[in-house]
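input-v1.cif, holding mmCIF, N, CA and C atoms and all ligand atoms:
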data_protein
#
loop_
_atom_site.label_atom_id
_atom_site.label_comp_id
_atom_site.auth_asym_id
_atom_site.auth_seq_id
_atom_site.Cartn_x
_atom_site.Cartn_y
_atom_site.Cartn_z
N MET A 97 22.66 9.45 -15.14
CA MET A 97 22.51 8.13 -14.55
C MET A 97 21.13 7.56 -14.91
N THR A 98 21.10 6.35 -15.38
CA THR A 98 19.83 5.73 -15.72
C THR A 98 19.30 4.93 -14.54
N ASP A 99 18.06 4.54 -14.64
CA ASP A 99 17.47 3.73 -13.58
C ASP A 99 18.22 2.42 -13.40
N GLU A 100 18.69 1.87 -14.53
CA GLU A 100 19.38 0.59 -14.46
C GLU A 100 20.67 0.71 -13.64
N ASP A 101 21.39 1.81 -13.84
CA ASP A 101 22.61 2.02 -13.06
C ASP A 101 22.32 2.01 -11.56
N VAL A 102 21.26 2.71 -11.20
CA VAL A 102 20.91 2.78 -9.79
C VAL A 102 20.65 1.38 -9.23
N GLU A 103 19.94 0.55 -10.02
CA GLU A 103 19.60 -0.78 -9.52
C GLU A 103 20.83 -1.67 -9.38
N VAL A 104 21.74 -1.55 -10.32
CA VAL A 104 22.93 -2.40 -10.27
C VAL A 104 23.81 -2.00 -9.08
N GLU A 105 23.95 -0.69 -8.87
CA GLU A 105 24.82 -0.22 -7.80
C GLU A 105 24.29 -0.57 -6.41
N SER A 106 23.06 -0.17 -6.14
CA SER A 106 22.61 -0.26 -4.76
C SER A 106 21.16 -0.67 -4.62
N GLY A 107 20.48 -0.93 -5.72
CA GLY A 107 19.05 -1.20 -5.64
C GLY A 107 18.31 0.12 -5.52
N PRO A 108 17.05 0.12 -5.87
CA PRO A 108 16.30 1.38 -5.80
C PRO A 108 16.14 1.82 -4.35
N LEU A 109 16.18 3.11 -4.15
CA LEU A 109 15.92 3.64 -2.81
C LEU A 109 14.41 3.65 -2.61
N GLU A 110 13.98 3.02 -1.56
CA GLU A 110 12.54 2.93 -1.34
C GLU A 110 12.22 3.22 0.12
N VAL A 111 11.14 3.91 0.32
CA VAL A 111 10.60 4.04 1.67
C VAL A 111 9.12 3.68 1.61
N ASP A 112 8.60 3.23 2.73
CA ASP A 112 7.18 2.92 2.79
C ASP A 112 6.45 4.13 3.34
N SER A 113 5.39 4.48 2.68
CA SER A 113 4.55 5.56 3.17
C SER A 113 3.87 5.12 4.46
N ASP A 114 3.65 6.09 5.35
CA ASP A 114 2.93 5.78 6.59
C ASP A 114 1.46 6.18 6.52
N VAL A 115 1.09 6.76 5.42
CA VAL A 115 -0.28 7.26 5.30
C VAL A 115 -1.08 6.30 4.44
N ALA A 116 -2.09 5.70 5.04
CA ALA A 116 -2.91 4.74 4.30
C ALA A 116 -4.16 5.43 3.76
N PRO A 117 -4.50 5.16 2.52
CA PRO A 117 -5.79 5.64 2.03
C PRO A 117 -6.90 4.85 2.72
N PRO A 118 -8.10 5.38 2.75
CA PRO A 118 -9.18 4.66 3.44
C PRO A 118 -9.56 3.39 2.68
N LEU A 119 -10.01 2.38 3.41
CA LEU A 119 -10.57 1.19 2.78
C LEU A 119 -12.00 1.53 2.36
N ILE A 120 -12.29 1.35 1.10
CA ILE A 120 -13.59 1.74 0.58
C ILE A 120 -14.31 0.52 0.03
N ASN A 121 -15.58 0.42 0.32
CA ASN A 121 -16.37 -0.68 -0.22
C ASN A 121 -17.03 -0.26 -1.52
N CYS A 122 -17.18 -1.24 -2.41
CA CYS A 122 -17.82 -1.01 -3.69
C CYS A 122 -19.25 -0.51 -3.49
N PRO A 123 -19.61 0.60 -4.15
CA PRO A 123 -20.97 1.11 -3.99
C PRO A 123 -22.02 0.17 -4.59
N ASN A 124 -21.60 -0.73 -5.45
CA ASN A 124 -22.53 -1.64 -6.12
C ASN A 124 -22.75 -2.94 -5.35
N CYS A 125 -21.65 -3.62 -4.98
CA CYS A 125 -21.80 -4.95 -4.37
C CYS A 125 -21.29 -4.98 -2.94
N ASP A 126 -20.72 -3.86 -2.46
CA ASP A 126 -20.23 -3.77 -1.09
C ASP A 126 -18.96 -4.59 -0.83
N GLY A 127 -18.35 -5.13 -1.86
CA GLY A 127 -17.07 -5.81 -1.70
C GLY A 127 -15.97 -4.77 -1.51
N MET A 128 -14.77 -5.21 -1.16
CA MET A 128 -13.69 -4.27 -0.95
C MET A 128 -13.08 -3.83 -2.28
N LEU A 129 -12.91 -2.54 -2.44
CA LEU A 129 -12.25 -2.04 -3.65
C LEU A 129 -10.75 -2.09 -3.47
N PRO A 130 -9.99 -2.19 -4.58
CA PRO A 130 -8.53 -2.14 -4.46
C PRO A 130 -8.12 -0.87 -3.73
N LEU A 131 -7.11 -0.99 -2.89
CA LEU A 131 -6.67 0.13 -2.08
C LEU A 131 -6.03 1.22 -2.94
N GLY A 132 -6.31 2.46 -2.60
CA GLY A 132 -5.69 3.56 -3.31
C GLY A 132 -6.73 4.56 -3.73
N LEU A 133 -6.26 5.64 -4.35
CA LEU A 133 -7.17 6.68 -4.82
C LEU A 133 -7.17 6.72 -6.34
N GLY A 134 -8.23 7.32 -6.89
CA GLY A 134 -8.35 7.38 -8.35
C GLY A 134 -9.40 6.39 -8.81
N MET A 135 -9.36 6.06 -10.12
CA MET A 135 -10.35 5.14 -10.66
C MET A 135 -10.00 3.71 -10.25
N LYS A 136 -10.93 3.04 -9.61
CA LYS A 136 -10.70 1.66 -9.17
C LYS A 136 -11.82 0.79 -9.72
N THR A 137 -11.42 -0.39 -10.17
CA THR A 137 -12.40 -1.34 -10.68
C THR A 137 -12.63 -2.42 -9.63
N CYS A 138 -13.87 -2.65 -9.29
CA CYS A 138 -14.21 -3.68 -8.31
C CYS A 138 -13.85 -5.05 -8.87
N ALA A 139 -13.09 -5.83 -8.09
CA ALA A 139 -12.67 -7.15 -8.56
C ALA A 139 -13.82 -8.13 -8.53
N LEU A 140 -14.87 -7.80 -7.83
CA LEU A 140 -15.97 -8.75 -7.66
C LEU A 140 -17.07 -8.54 -8.69
N CYS A 141 -17.44 -7.29 -8.94
CA CYS A 141 -18.58 -7.07 -9.84
C CYS A 141 -18.20 -6.24 -11.06
N GLY A 142 -16.98 -5.70 -11.11
CA GLY A 142 -16.54 -4.96 -12.28
C GLY A 142 -16.98 -3.50 -12.31
N ALA A 143 -17.69 -3.05 -11.28
CA ALA A 143 -18.09 -1.64 -11.23
C ALA A 143 -16.85 -0.76 -11.08
N VAL A 144 -16.91 0.42 -11.69
CA VAL A 144 -15.79 1.34 -11.61
C VAL A 144 -16.19 2.51 -10.71
N ALA A 145 -15.34 2.81 -9.75
CA ALA A 145 -15.63 3.92 -8.84
C ALA A 145 -14.44 4.86 -8.83
N ASN A 146 -14.73 6.14 -8.79
CA ASN A 146 -13.66 7.12 -8.68
C ASN A 146 -13.52 7.50 -7.21
N ILE A 147 -12.42 7.08 -6.62
CA ILE A 147 -12.24 7.29 -5.19
C ILE A 147 -11.35 8.51 -4.97
N GLU A 148 -11.91 9.49 -4.33
CA GLU A 148 -11.11 10.66 -3.97
C GLU A 148 -11.21 10.88 -2.48
N HIS A 149 -10.12 11.26 -1.88
CA HIS A 149 -10.09 11.49 -0.44
C HIS A 149 -9.07 12.57 -0.19
N GLU A 150 -9.56 13.80 -0.15
CA GLU A 150 -8.67 14.95 -0.05
C GLU A 150 -7.76 14.90 1.18
N PRO A 151 -8.25 14.50 2.37
CA PRO A 151 -7.34 14.44 3.52
C PRO A 151 -6.14 13.52 3.28
N THR A 152 -6.38 12.38 2.60
CA THR A 152 -5.27 11.48 2.30
C THR A 152 -4.28 12.14 1.35
N ARG A 153 -4.79 12.81 0.32
CA ARG A 153 -3.91 13.49 -0.64
C ARG A 153 -3.05 14.54 0.07
N LYS A 154 -3.68 15.28 0.98
CA LYS A 154 -2.93 16.31 1.72
C LYS A 154 -1.85 15.68 2.58
N GLU A 155 -2.21 14.60 3.26
CA GLU A 155 -1.22 13.94 4.11
C GLU A 155 -0.09 13.37 3.27
N TRP A 156 -0.41 12.84 2.10
CA TRP A 156 0.64 12.33 1.21
C TRP A 156 1.60 13.45 0.83
N ALA A 157 1.03 14.61 0.48
CA ALA A 157 1.88 15.72 0.05
C ALA A 157 2.75 16.22 1.19
N ASN A 158 2.22 16.18 2.41
CA ASN A 158 2.96 16.72 3.56
C ASN A 158 3.81 15.68 4.27
N GLU A 159 3.75 14.45 3.81
CA GLU A 159 4.44 13.39 4.53
C GLU A 159 5.96 13.60 4.52
N ARG A 160 6.57 13.41 5.68
CA ARG A 160 8.01 13.51 5.81
C ARG A 160 8.62 12.13 5.94
N PHE A 161 9.79 11.98 5.37
CA PHE A 161 10.51 10.72 5.52
C PHE A 161 11.99 11.01 5.40
N ALA A 162 12.81 10.10 5.89
CA ALA A 162 14.26 10.26 5.82
C ALA A 162 14.79 9.60 4.56
N CYS A 163 15.64 10.27 3.85
CA CYS A 163 16.28 9.70 2.67
C CYS A 163 17.05 8.45 3.10
N PRO A 164 16.79 7.29 2.46
CA PRO A 164 17.49 6.06 2.86
C PRO A 164 18.97 6.10 2.55
N ASN A 165 19.38 7.04 1.73
CA ASN A 165 20.78 7.13 1.33
C ASN A 165 21.58 8.04 2.26
N CYS A 166 21.07 9.24 2.54
CA CYS A 166 21.85 10.21 3.32
C CYS A 166 21.14 10.65 4.59
N SER A 167 19.95 10.11 4.85
CA SER A 167 19.18 10.38 6.07
C SER A 167 18.60 11.79 6.17
N LYS A 168 18.74 12.57 5.14
CA LYS A 168 18.10 13.88 5.18
C LYS A 168 16.59 13.71 5.21
N VAL A 169 15.93 14.53 6.05
CA VAL A 169 14.48 14.44 6.13
C VAL A 169 13.87 15.28 5.02
N LEU A 170 13.03 14.65 4.24
CA LEU A 170 12.42 15.29 3.08
C LEU A 170 10.92 15.36 3.25
N VAL A 171 10.32 16.36 2.62
CA VAL A 171 8.87 16.42 2.54
C VAL A 171 8.49 15.90 1.16
N CYS A 172 7.60 14.95 1.11
CA CYS A 172 7.32 14.28 -0.15
C CYS A 172 6.83 15.25 -1.22
N GLY A 173 5.78 16.02 -0.91
CA GLY A 173 5.29 17.01 -1.87
C GLY A 173 4.47 16.45 -3.01
N VAL A 174 4.29 15.15 -3.06
CA VAL A 174 3.53 14.55 -4.16
C VAL A 174 2.22 14.00 -3.60
N ARG A 175 1.12 14.28 -4.31
CA ARG A 175 -0.20 13.93 -3.80
C ARG A 175 -0.66 12.56 -4.26
N GLU A 176 0.25 11.67 -4.59
CA GLU A 176 -0.18 10.32 -4.91
C GLU A 176 0.89 9.33 -4.48
N ARG A 177 0.51 8.07 -4.41
CA ARG A 177 1.42 6.99 -4.07
C ARG A 177 1.24 5.90 -5.11
N PRO A 178 2.30 5.23 -5.56
CA PRO A 178 3.68 5.56 -5.24
C PRO A 178 4.11 6.89 -5.84
N ALA A 179 5.12 7.50 -5.24
CA ALA A 179 5.65 8.76 -5.72
C ALA A 179 7.16 8.63 -5.86
N ILE A 180 7.72 9.37 -6.80
CA ILE A 180 9.17 9.38 -6.94
C ILE A 180 9.66 10.78 -6.58
N VAL A 181 10.56 10.83 -5.61
CA VAL A 181 11.03 12.10 -5.08
C VAL A 181 12.55 12.12 -5.19
N ALA A 182 13.09 13.26 -5.61
CA ALA A 182 14.54 13.39 -5.66
C ALA A 182 15.02 14.02 -4.36
N CYS A 183 16.03 13.41 -3.76
CA CYS A 183 16.58 13.96 -2.52
C CYS A 183 17.32 15.25 -2.82
N SER A 184 17.04 16.29 -2.01
CA SER A 184 17.67 17.59 -2.26
C SER A 184 19.11 17.60 -1.79
N SER A 185 19.51 16.61 -1.04
CA SER A 185 20.86 16.59 -0.49
C SER A 185 21.81 15.71 -1.32
N CYS A 186 21.42 14.45 -1.56
CA CYS A 186 22.31 13.55 -2.30
C CYS A 186 21.82 13.33 -3.72
N SER A 187 20.70 13.95 -4.08
CA SER A 187 20.04 13.83 -5.38
C SER A 187 19.73 12.39 -5.78
N GLY A 188 19.63 11.51 -4.80
CA GLY A 188 19.14 10.16 -5.08
C GLY A 188 17.65 10.20 -5.36
N GLU A 189 17.18 9.25 -6.16
CA GLU A 189 15.74 9.15 -6.43
C GLU A 189 15.12 8.15 -5.49
N ILE A 190 14.11 8.57 -4.80
CA ILE A 190 13.49 7.71 -3.80
C ILE A 190 12.05 7.40 -4.21
N VAL A 191 11.73 6.13 -4.17
CA VAL A 191 10.35 5.72 -4.45
C VAL A 191 9.61 5.63 -3.13
N VAL A 192 8.57 6.42 -2.99
CA VAL A 192 7.73 6.35 -1.79
C VAL A 192 6.58 5.41 -2.11
N LYS A 193 6.62 4.24 -1.50
CA LYS A 193 5.64 3.21 -1.84
C LYS A 193 4.37 3.39 -1.03
N SER A 194 3.29 2.81 -1.53
CA SER A 194 2.03 2.85 -0.80
C SER A 194 2.18 2.11 0.52
N LYS A 195 1.45 2.58 1.49
CA LYS A 195 1.46 1.89 2.76
C LYS A 195 0.84 0.51 2.60
N VAL A 196 1.45 -0.46 3.25
CA VAL A 196 0.89 -1.80 3.25
C VAL A 196 -0.07 -1.91 4.41
N VAL A 197 -1.32 -2.09 4.10
CA VAL A 197 -2.34 -2.18 5.14
C VAL A 197 -2.59 -3.65 5.43
N LYS A 198 -2.61 -3.99 6.68
CA LYS A 198 -2.90 -5.37 7.03
C LYS A 198 -4.10 -5.41 7.96
N VAL A 199 -4.89 -6.42 7.79
CA VAL A 199 -6.02 -6.59 8.70
C VAL A 199 -5.80 -7.86 9.51
N GLU A 200 -6.37 -7.86 10.70
CA GLU A 200 -6.19 -8.99 11.57
C GLU A 200 -7.43 -9.88 11.53
N ILE A 201 -7.21 -11.16 11.35
CA ILE A 201 -8.32 -12.10 11.41
C ILE A 201 -7.92 -13.23 12.36
N ALA A 202 -8.89 -14.01 12.79
CA ALA A 202 -8.60 -15.13 13.67
C ALA A 202 -8.80 -16.42 12.90
N CYS A 203 -7.85 -17.35 13.06
CA CYS A 203 -8.01 -18.66 12.44
C CYS A 203 -9.24 -19.34 13.03
N PRO A 204 -10.12 -19.86 12.18
CA PRO A 204 -11.34 -20.49 12.71
C PRO A 204 -11.07 -21.77 13.49
N SER A 205 -9.91 -22.39 13.30
CA SER A 205 -9.65 -23.65 14.01
C SER A 205 -8.95 -23.42 15.35
N CYS A 206 -7.89 -22.62 15.36
CA CYS A 206 -7.11 -22.49 16.60
C CYS A 206 -7.18 -21.08 17.17
N GLU A 207 -7.88 -20.19 16.48
CA GLU A 207 -8.09 -18.82 16.93
C GLU A 207 -6.84 -17.99 17.02
N ARG A 208 -5.78 -18.46 16.44
CA ARG A 208 -4.58 -17.66 16.37
C ARG A 208 -4.85 -16.41 15.52
N ARG A 209 -4.33 -15.27 15.96
CA ARG A 209 -4.52 -14.04 15.22
C ARG A 209 -3.54 -13.98 14.05
N LEU A 210 -4.06 -13.74 12.88
CA LEU A 210 -3.21 -13.66 11.69
C LEU A 210 -3.37 -12.27 11.09
N ARG A 211 -2.27 -11.74 10.60
CA ARG A 211 -2.36 -10.45 9.93
C ARG A 211 -2.10 -10.64 8.45
N LEU A 212 -3.04 -10.20 7.63
CA LEU A 212 -2.79 -10.30 6.20
C LEU A 212 -3.20 -9.06 5.46
N LYS A 213 -2.65 -9.01 4.27
CA LYS A 213 -2.92 -7.90 3.38
C LYS A 213 -4.27 -8.12 2.73
N PRO A 214 -5.20 -7.20 2.93
CA PRO A 214 -6.50 -7.43 2.30
C PRO A 214 -6.42 -7.31 0.79
N ARG A 215 -7.02 -8.25 0.12
CA ARG A 215 -7.14 -8.20 -1.34
C ARG A 215 -8.60 -8.48 -1.66
N PRO A 216 -9.14 -7.78 -2.64
CA PRO A 216 -10.55 -7.99 -2.92
C PRO A 216 -10.84 -9.44 -3.32
N GLY A 217 -11.99 -9.94 -2.93
CA GLY A 217 -12.40 -11.28 -3.32
C GLY A 217 -12.08 -12.32 -2.25
N SER A 218 -12.24 -13.57 -2.62
CA SER A 218 -12.00 -14.67 -1.69
C SER A 218 -10.68 -15.33 -1.99
N ARG A 219 -10.03 -15.82 -0.97
CA ARG A 219 -8.87 -16.65 -1.22
C ARG A 219 -8.66 -17.62 -0.08
N GLN A 220 -7.90 -18.64 -0.39
CA GLN A 220 -7.63 -19.71 0.55
C GLN A 220 -6.32 -19.39 1.25
N ILE A 221 -6.29 -19.43 2.56
CA ILE A 221 -5.02 -19.27 3.23
C ILE A 221 -4.81 -20.43 4.20
N THR A 222 -3.55 -20.65 4.54
CA THR A 222 -3.22 -21.73 5.46
C THR A 222 -2.71 -21.13 6.75
N CYS A 223 -3.28 -21.52 7.84
CA CYS A 223 -2.87 -20.99 9.15
C CYS A 223 -1.46 -21.49 9.47
N PRO A 224 -0.52 -20.62 9.81
CA PRO A 224 0.84 -21.06 10.10
C PRO A 224 0.94 -21.83 11.42
N ALA A 225 -0.04 -21.70 12.26
CA ALA A 225 0.02 -22.38 13.57
C ALA A 225 -0.53 -23.80 13.50
N CYS A 226 -1.73 -23.97 12.97
CA CYS A 226 -2.34 -25.31 12.97
C CYS A 226 -2.39 -25.92 11.58
N GLU A 227 -1.95 -25.18 10.57
CA GLU A 227 -1.89 -25.64 9.18
C GLU A 227 -3.24 -26.00 8.61
N ASP A 228 -4.27 -25.47 9.21
CA ASP A 228 -5.61 -25.62 8.66
C ASP A 228 -5.78 -24.61 7.52
N ALA A 229 -6.38 -25.05 6.44
CA ALA A 229 -6.67 -24.12 5.34
C ALA A 229 -8.08 -23.60 5.49
N PHE A 230 -8.25 -22.33 5.29
CA PHE A 230 -9.60 -21.78 5.30
C PHE A 230 -9.70 -20.63 4.33
N LYS A 231 -10.91 -20.21 4.09
CA LYS A 231 -11.16 -19.22 3.06
C LYS A 231 -11.45 -17.87 3.71
N VAL A 232 -10.86 -16.82 3.17
CA VAL A 232 -11.21 -15.49 3.66
C VAL A 232 -11.79 -14.68 2.52
N THR A 233 -12.71 -13.83 2.85
CA THR A 233 -13.31 -12.95 1.86
C THR A 233 -13.30 -11.53 2.40
N PHE A 234 -12.82 -10.60 1.58
CA PHE A 234 -12.86 -9.20 1.99
C PHE A 234 -13.91 -8.46 1.19
ZN ZN A 301 -18.48 -4.44 -6.68
ZN ZN A 302 19.62 11.77 0.19
ZN ZN A 303 -5.01 -22.14 13.06
#
Kindly present the structure from the file in structure tokens form.
Ligand SMILES: [Zn+2]
Ligand SMILES: [Zn+2]
Ligand SMILES: [Zn+2]
Amino acid sequence: MTDEDVEVESGPLEVDSDVAPPLINCPNCDGMLPLGLGMKTCALCGAVANIEHEPTRKEWANERFACPNCSKVLVCGVRERPAIVACSSCSGEIVVKSKVVKVEIACPSCERRLRLKPRPGSRQITCPACEDAFKVTF
């Protein structure tokens, strides 16, 4: 079975990891580095940092999740995210995606709490409550 067959039949089997790697600031400019472990390039100053976090790797390897196809509980066993794991019961291939980390900020105009995915650098967002646009920087 090829990957294409899987997608046509039922879409890829995916689960979200519950283990988040730590948010790390750039050692050079203190901006936020892209989330994850390994070599990361700072989006703000271009510095390259090698981020290692053994506790996160261990938790990734030991993380349990239920197969979305047959509900069997599997241990991931892979020390990185995303990871591809074969189900021992239905032999489906499951993609374990990185955890989506969201941070909470308050709209400067109406103080409504907004949750967004941190991305390095500045960007303009529009508050869904008061439709005011403002800039956020991580
Ligand atoms: Zn930097
Ligand atoms: Zn399964
Ligand atoms: Zn607002």
Around ligand ZN 301 (chain A), out to 7 Å and counting only N, CA and C atoms and all ligand atoms, which residues are there? I want them as a PDB file with N, CA and C atoms, keeping the file's coordinate frame.
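Ended up saving to part_16.pdb:
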ATOM      1  N   ASN A 121     -15.580   0.420   0.320  1.00  0.00           N
ATOM      2  CA  ASN A 121     -16.370  -0.680  -0.220  1.00  0.00           C
ATOM      3  C   ASN A 121     -17.030  -0.260  -1.520  1.00  0.00           C
ATOM      4  N   CYS A 122     -17.180  -1.240  -2.410  1.00  0.00           N
ATOM      5  CA  CYS A 122     -17.820  -1.010  -3.690  1.00  0.00           C
ATOM      6  C   CYS A 122     -19.250  -0.510  -3.490  1.00  0.00           C
ATOM      7  N   PRO A 123     -19.610   0.600  -4.150  1.00  0.00           N
ATOM      8  CA  PRO A 123     -20.970   1.110  -3.990  1.00  0.00           C
ATOM      9  C   PRO A 123     -22.020   0.170  -4.590  1.00  0.00           C
ATOM     10  N   ASN A 124     -21.600  -0.730  -5.450  1.00  0.00           N
ATOM     11  CA  ASN A 124     -22.530  -1.640  -6.120  1.00  0.00           C
ATOM     12  C   ASN A 124     -22.750  -2.940  -5.350  1.00  0.00           C
ATOM     13  N   CYS A 125     -21.650  -3.620  -4.980  1.00  0.00           N
ATOM     14  CA  CYS A 125     -21.800  -4.950  -4.370  1.00  0.00           C
ATOM     15  C   CYS A 125     -21.290  -4.980  -2.940  1.00  0.00           C
ATOM     16  N   ASP A 126     -20.720  -3.860  -2.460  1.00  0.00           N
ATOM     17  CA  ASP A 126     -20.230  -3.770  -1.090  1.00  0.00           C
ATOM     18  C   ASP A 126     -18.960  -4.590  -0.830  1.00  0.00           C
ATOM     19  N   GLY A 127     -18.350  -5.130  -1.860  1.00  0.00           N
ATOM     20  CA  GLY A 127     -17.070  -5.810  -1.700  1.00  0.00           C
ATOM     21  C   GLY A 127     -15.970  -4.770  -1.510  1.00  0.00           C
ATOM     22  N   MET A 128     -14.770  -5.210  -1.160  1.00  0.00           N
ATOM     23  CA  MET A 128     -13.690  -4.270  -0.950  1.00  0.00           C
ATOM     24  C   MET A 128     -13.080  -3.830  -2.280  1.00  0.00           C
ATOM     25  N   THR A 137     -11.420  -0.390 -10.170  1.00  0.00           N
ATOM     26  CA  THR A 137     -12.400  -1.340 -10.680  1.00  0.00           C
ATOM     27  C   THR A 137     -12.630  -2.420  -9.630  1.00  0.00           C
ATOM     28  N   CYS A 138     -13.870  -2.650  -9.290  1.00  0.00           N
ATOM     29  CA  CYS A 138     -14.210  -3.680  -8.310  1.00  0.00           C
ATOM     30  C   CYS A 138     -13.850  -5.050  -8.870  1.00  0.00           C
ATOM     31  N   ALA A 139     -13.090  -5.830  -8.090  1.00  0.00           N
ATOM     32  CA  ALA A 139     -12.670  -7.150  -8.560  1.00  0.00           C
ATOM     33  C   ALA A 139     -13.820  -8.130  -8.530  1.00  0.00           C
ATOM     34  N   LEU A 140     -14.870  -7.800  -7.830  1.00  0.00           N
ATOM     35  CA  LEU A 140     -15.970  -8.750  -7.660  1.00  0.00           C
ATOM     36  C   LEU A 140     -17.070  -8.540  -8.690  1.00  0.00           C
ATOM     37  N   CYS A 141     -17.440  -7.290  -8.940  1.00  0.00           N
ATOM     38  CA  CYS A 141     -18.580  -7.070  -9.840  1.00  0.00           C
ATOM     39  C   CYS A 141     -18.200  -6.240 -11.060  1.00  0.00           C
ATOM     40  N   GLY A 142     -16.980  -5.700 -11.110  1.00  0.00           N
ATOM     41  CA  GLY A 142     -16.540  -4.960 -12.280  1.00  0.00           C
ATOM     42  C   GLY A 142     -16.980  -3.500 -12.310  1.00  0.00           C
ATOM     43  N   ALA A 143     -17.690  -3.050 -11.280  1.00  0.00           N
ATOM     44  CA  ALA A 143     -18.090  -1.640 -11.230  1.00  0.00           C
ATOM     45  C   ALA A 143     -16.850  -0.760 -11.080  1.00  0.00           C
TER      46      ALA A 143
END
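Taking chain A and asking which residues DSSP calls helix (DSSP H, G or I) on the backbone, you get Asp99, Glu100, Asp101, Val102, Glu103, Val104, Glu105, Glu150, Pro151, Thr152, Arg153, Lys154, Glu155, Trp156, Ala157 and Asn158 of chain A.
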Hey, which residues come within 7 Å of ligand ZN 303 (chain A) if we count only N, CA and C atoms and all ligand atoms? Could you give them as a PyMOL selection string?
chain A and resi 202-208+222-228
Could you please write out, as a VMD selection string, every residue of chain A that DSSP assigns to strand (DSSP E)?
chain A and resid 109 to 112 134 to 137 144 to 147 160 to 162 169 to 171 179 to 182 189 to 193 199 to 202 209 to 212 218 to 222 229 to 233
Surrounding residues of A:Asn146 excluding itself and chain neighbours under 2 positions, 8 Å, all atoms listed in the file, as a PyMOL selection string:
chain A and resi 133-137+143-144+148-149
Kindly extract all protein, DNA and RNA residues lying within 6.5 Å of the coordinates (-8.7, -6.8, 7.6) given in the file, considering all atoms listed in the file, and supply them as a VMD selection string.
chain A and resid 198 to 201 212 214
For the residues in the current selection, export N, CA and C atoms as a short mmCIF file (atom, residue, chain, number, x, y, z; two decimals), keeping the file's coordinate frame.
data_model
loop_
_atom_site.label_atom_id
_atom_site.label_comp_id
_atom_site.auth_asym_id
_atom_site.auth_seq_id
_atom_site.Cartn_x
_atom_site.Cartn_y
_atom_site.Cartn_z
N LYS A 198 -2.61 -3.99 6.68
CA LYS A 198 -2.90 -5.37 7.03
C LYS A 198 -4.10 -5.41 7.96
N VAL A 199 -4.89 -6.42 7.79
CA VAL A 199 -6.02 -6.59 8.70
C VAL A 199 -5.80 -7.86 9.51
N GLU A 200 -6.37 -7.86 10.70
CA GLU A 200 -6.19 -8.99 11.57
C GLU A 200 -7.43 -9.88 11.53
N ILE A 201 -7.21 -11.16 11.35
CA ILE A 201 -8.32 -12.10 11.41
C ILE A 201 -7.92 -13.23 12.36
N LEU A 212 -3.04 -10.20 7.63
CA LEU A 212 -2.79 -10.30 6.20
C LEU A 212 -3.20 -9.06 5.46
N PRO A 214 -5.20 -7.20 2.93
CA PRO A 214 -6.50 -7.43 2.30
C PRO A 214 -6.42 -7.31 0.79
#
Between atom CA of A:Leu131 and atom CA of A:Ala229, measure the distance and give it in Å to one decimal.
25.4 Å
Kindly provide the residues of chain A that approach ligand ZN 302 (chain A) to within 7 Å, each paired with its closest atom pair and their distance in Å to one decimal, based on only N, CA and C atoms and all ligand atoms, listed by chain and increasing number, as a tab-separated table.
residue	atom	partner	partner_atom	distance
A:Ala162	C	A:ZN302	ZN	6.9
A:Cys163	CA	A:ZN302	ZN	4.6
A:Pro164	N	A:ZN302	ZN	5.8
A:Asn165	C	A:ZN302	ZN	4.7
A:Cys166	N	A:ZN302	ZN	3.7
A:Ser167	N	A:ZN302	ZN	5.0
A:Lys168	N	A:ZN302	ZN	5.1
A:Ala182	C	A:ZN302	ZN	6.9
A:Cys183	CA	A:ZN302	ZN	4.6
A:Ser184	N	A:ZN302	ZN	5.7
A:Ser185	C	A:ZN302	ZN	4.8
A:Cys186	N	A:ZN302	ZN	3.7
A:Ser187	N	A:ZN302	ZN	4.9
A:Gly188	N	A:ZN302	ZN	5.0
Computed gap from atom C of A:Val196 to atom N of A:Ile147 is 18.8 Å
As a compact mmCIF listing (two decimals) with N, CA and C atoms, keeping the file's coordinate frame, please: the residues near A:Ser194 (cut-off 8 Å, only N, CA and C atoms, same-chain neighbours under 6 positions excluded).
# COMPACT_ATOMS: atom_id res chain seq x y z
N VAL A 111 11.14 3.91 0.32
CA VAL A 111 10.60 4.04 1.67
C VAL A 111 9.12 3.68 1.61
N ASP A 112 8.60 3.23 2.73
CA ASP A 112 7.18 2.92 2.79
C ASP A 112 6.45 4.13 3.34
N SER A 113 5.39 4.48 2.68
CA SER A 113 4.55 5.56 3.17
C SER A 113 3.87 5.12 4.46
N ASP A 114 3.65 6.09 5.35
CA ASP A 114 2.93 5.78 6.59
C ASP A 114 1.46 6.18 6.52
N VAL A 115 1.09 6.76 5.42
CA VAL A 115 -0.28 7.26 5.30
C VAL A 115 -1.08 6.30 4.44
N ALA A 116 -2.09 5.70 5.04
CA ALA A 116 -2.91 4.74 4.30
C ALA A 116 -4.16 5.43 3.76
N PRO A 117 -4.50 5.16 2.52
CA PRO A 117 -5.79 5.64 2.03
C PRO A 117 -6.90 4.85 2.72
N GLU A 176 0.25 11.67 -4.59
CA GLU A 176 -0.18 10.32 -4.91
C GLU A 176 0.89 9.33 -4.48
N ARG A 177 0.51 8.07 -4.41
CA ARG A 177 1.42 6.99 -4.07
C ARG A 177 1.24 5.90 -5.11
N PRO A 178 2.30 5.23 -5.56
CA PRO A 178 3.68 5.56 -5.24
C PRO A 178 4.11 6.89 -5.84
N ALA A 179 5.12 7.50 -5.24
CA ALA A 179 5.65 8.76 -5.72
C ALA A 179 7.16 8.63 -5.86
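The spacing separating atom N of A:Val232 from atom C of A:Pro118 amounts to 20.3 Å.
When all atoms listed in the file are used to compute distances to A:Lys193, the closest of the residues A:Ile180, A:Val174, A:Leu129, A:Ala145 turns out to be A:Ile180.
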With 7 Å as the threshold, what does the neighbourhood of (11.3, 11.7, 6.9) contain in terms of residues, counting only C-alpha atoms? Coordinates are those of the file; answer as JSON, numbers by chain.
{"A": [160, 161, 162, 163, 169, 170, 171]}
Enclosing box along x, y and z for every listed atom of stretch 123-135 of chain A, padded 6 Å each side, centre and size in Å, one decimal, as AutoDock Vina command-line options:
--center_x -14.2 --center_y 0.8 --center_z -5.7 --size_x 29.1 --size_y 25.2 --size_z 21.8
